[in-house]
Amino acid sequence: MVDSGRTSRRGRPPVSEEQRGRQRLGISRHAVRLFAAQGVAATSGEQIARAAGVSERTLWRYFPTKESCVEPLLTKMLDAFRTVLHAWPPGSGLIEHLRAAYQPVLGSSSGEDVEAVLAVIRMTHDEPALRAAYLVLRERAEETFTEVLAARMGMPPEAFEVRVQAAAMNAVLKVAADEFARETAGRGITPEVLNDHREQLAHALGLVTGRLSGTDAD
């Protein structure tokens, strides 16, 4: 006899957005490790899923291609810049703010995640599919740059001047990230290299954005 006072549940409980994010990041970490160890071509979706402890069905539900598995880690670097840009205080110059607050990845990231992000950036130079995924993420990030700069410049986001400056900012960030990845290859992230990266980024952004936005340029 079934107890009508109880509600029976069938199947697994729904996965929350937070759980989904953690699982995607875990898959990303394993994918990057395999890509770095044996190359993208030699790495299969089945291997990534097995290493991450998930089914292939779960893997392909989260990622359309094996190369797109790198997106959660790469997003950490883009999110770090978006975060510091959103925190740009009124009355403060952008370059001054970057020198004081910018970190190449979000502060809560582990050292392994930082190294993994840089490893992916290095691999994008030899792996066209990874580079394509990287450039798509950078294009999406440009929307945030446009929003922040439009508010600062008192113009609509679609204004030509705003879009040009956002594109220039995105290009500088990409080149600086490439250089940071190159500088840390085989030597790790030292305080000196990190400071050089922050200063290089701030200086370059000052050169390309100062005149357009009236921010502080060197």
# chains A, B, ... in the order shown; residues from 1 in each chain; ligands from 1
call {"tool": "residues_around", "arguments": {"residues": "range 35-45 of chain A", "least_positions_apart": "4", "cutoff": "7 Å", "atoms": "only C-alpha atoms", "output": "list in words"}}
result
Ala31, Ala49, Glu56 and Lys66 of chain A
call {"tool": "residues_around", "arguments": {"residues": "range 144-158 of chain A", "least_positions_apart": "6", "cutoff": "12 Å", "atoms": "only C-alpha atoms", "output": "VMD selection string"}}
result
chain A and resid 78 to 79 81 to 94 137 to 138 164 to 171 173 209 to 215
call {"tool": "write_last_selection", "arguments": {"atoms": "C-alpha atoms", "output": "short mmCIF file (atom, residue, chain, number, x, y, z; two decimals), in the first residue's frame"}}
result
data_model
loop_
_atom_site.label_atom_id
_atom_site.label_comp_id
_atom_site.auth_asym_id
_atom_site.auth_seq_id
_atom_site.Cartn_x
_atom_site.Cartn_y
_atom_site.Cartn_z
CA LEU A 78 38.56 37.78 -19.37
CA ASP A 79 36.38 37.97 -16.26
CA PHE A 81 39.62 42.32 -16.68
CA ARG A 82 35.86 42.81 -16.85
CA THR A 83 35.70 42.84 -13.06
CA VAL A 84 38.39 45.49 -12.66
CA LEU A 85 36.84 47.54 -15.45
CA HIS A 86 33.43 47.52 -13.75
CA ALA A 87 35.12 48.54 -10.49
CA TRP A 88 36.74 51.60 -12.13
CA PRO A 89 35.83 54.34 -9.63
CA PRO A 90 34.46 57.70 -10.77
CA GLY A 91 37.09 60.41 -10.80
CA SER A 92 39.92 57.92 -11.18
CA GLY A 93 41.90 57.41 -14.37
CA LEU A 94 41.71 53.97 -15.96
CA LEU A 137 35.47 34.62 -26.18
CA ARG A 138 37.45 37.81 -26.69
CA VAL A 164 36.79 51.78 -31.78
CA GLN A 165 38.10 52.32 -28.28
CA ALA A 166 36.61 49.04 -27.03
CA ALA A 167 38.22 47.20 -29.95
CA ALA A 168 41.57 48.84 -29.22
CA MET A 169 41.26 47.89 -25.56
CA ASN A 170 40.49 44.30 -26.50
CA ALA A 171 43.47 44.13 -28.85
CA LEU A 173 44.54 42.95 -23.65
CA THR A 209 42.66 55.03 -25.05
CA GLY A 210 43.82 58.25 -23.45
CA ARG A 211 42.99 60.62 -26.26
CA LEU A 212 39.58 59.14 -26.99
CA SER A 213 38.22 58.94 -23.47
CA GLY A 214 40.17 61.59 -21.65
CA THR A 215 41.63 59.03 -19.26
#
call {"tool": "residues_around", "arguments": {"residues": "range 177-191 of chain A", "least_positions_apart": "2", "cutoff": "10 Å", "atoms": "only C-alpha atoms", "output": "list in words"}}
result
Met77, Leu78, Pro104, Gly111, Val114, Glu115, Val117, Leu118, Ala119, Val120, Ile121, Arg122, Met123, Thr124, His125, Ala171, Val172, Leu173, Lys174, Val175, Val193, Leu194, Asn195, Asp196, His197, Arg198, Gln200 and Leu201 of chain A
call {"tool": "write_last_selection", "arguments": {"atoms": "C-alpha atoms", "output": "PDB file, in the first residue's frame"}}
result
ATOM      1  CA  MET A  77      41.208  35.815 -17.487  1.00  0.00           C
ATOM      2  CA  LEU A  78      38.558  37.777 -19.368  1.00  0.00           C
ATOM      3  CA  PRO A 104      45.506  38.565 -14.722  1.00  0.00           C
ATOM      4  CA  GLY A 111      47.726  28.618  -8.987  1.00  0.00           C
ATOM      5  CA  VAL A 114      46.470  30.414 -13.618  1.00  0.00           C
ATOM      6  CA  GLU A 115      49.047  28.101 -15.153  1.00  0.00           C
ATOM      7  CA  VAL A 117      45.002  29.562 -18.539  1.00  0.00           C
ATOM      8  CA  LEU A 118      48.483  30.536 -19.673  1.00  0.00           C
ATOM      9  CA  ALA A 119      49.054  27.057 -21.113  1.00  0.00           C
ATOM     10  CA  VAL A 120      45.919  27.399 -23.238  1.00  0.00           C
ATOM     11  CA  ILE A 121      47.018  30.808 -24.504  1.00  0.00           C
ATOM     12  CA  ARG A 122      50.374  29.334 -25.518  1.00  0.00           C
ATOM     13  CA  MET A 123      48.666  26.450 -27.306  1.00  0.00           C
ATOM     14  CA  THR A 124      46.428  28.778 -29.315  1.00  0.00           C
ATOM     15  CA  HIS A 125      49.441  29.702 -31.453  1.00  0.00           C
ATOM     16  CA  ALA A 171      43.473  44.128 -28.853  1.00  0.00           C
ATOM     17  CA  VAL A 172      45.840  45.456 -26.188  1.00  0.00           C
ATOM     18  CA  LEU A 173      44.542  42.951 -23.648  1.00  0.00           C
ATOM     19  CA  LYS A 174      45.070  40.084 -26.091  1.00  0.00           C
ATOM     20  CA  VAL A 175      48.636  41.087 -26.968  1.00  0.00           C
ATOM     21  CA  VAL A 193      56.874  39.189 -14.150  1.00  0.00           C
ATOM     22  CA  LEU A 194      53.402  39.928 -12.770  1.00  0.00           C
ATOM     23  CA  ASN A 195      54.290  43.551 -12.080  1.00  0.00           C
ATOM     24  CA  ASP A 196      55.825  43.904 -15.536  1.00  0.00           C
ATOM     25  CA  HIS A 197      52.652  42.498 -17.081  1.00  0.00           C
ATOM     26  CA  ARG A 198      50.426  44.909 -15.177  1.00  0.00           C
ATOM     27  CA  GLN A 200      52.888  46.871 -19.703  1.00  0.00           C
ATOM     28  CA  LEU A 201      49.133  46.520 -19.988  1.00  0.00           C
TER      29      LEU A 201
END
call {"tool": "atom_distance", "arguments": {"atom1": "CA of Ala202 in chain A", "atom2": "CA of Tyr134 in chain A"}}
result
22.0 Å
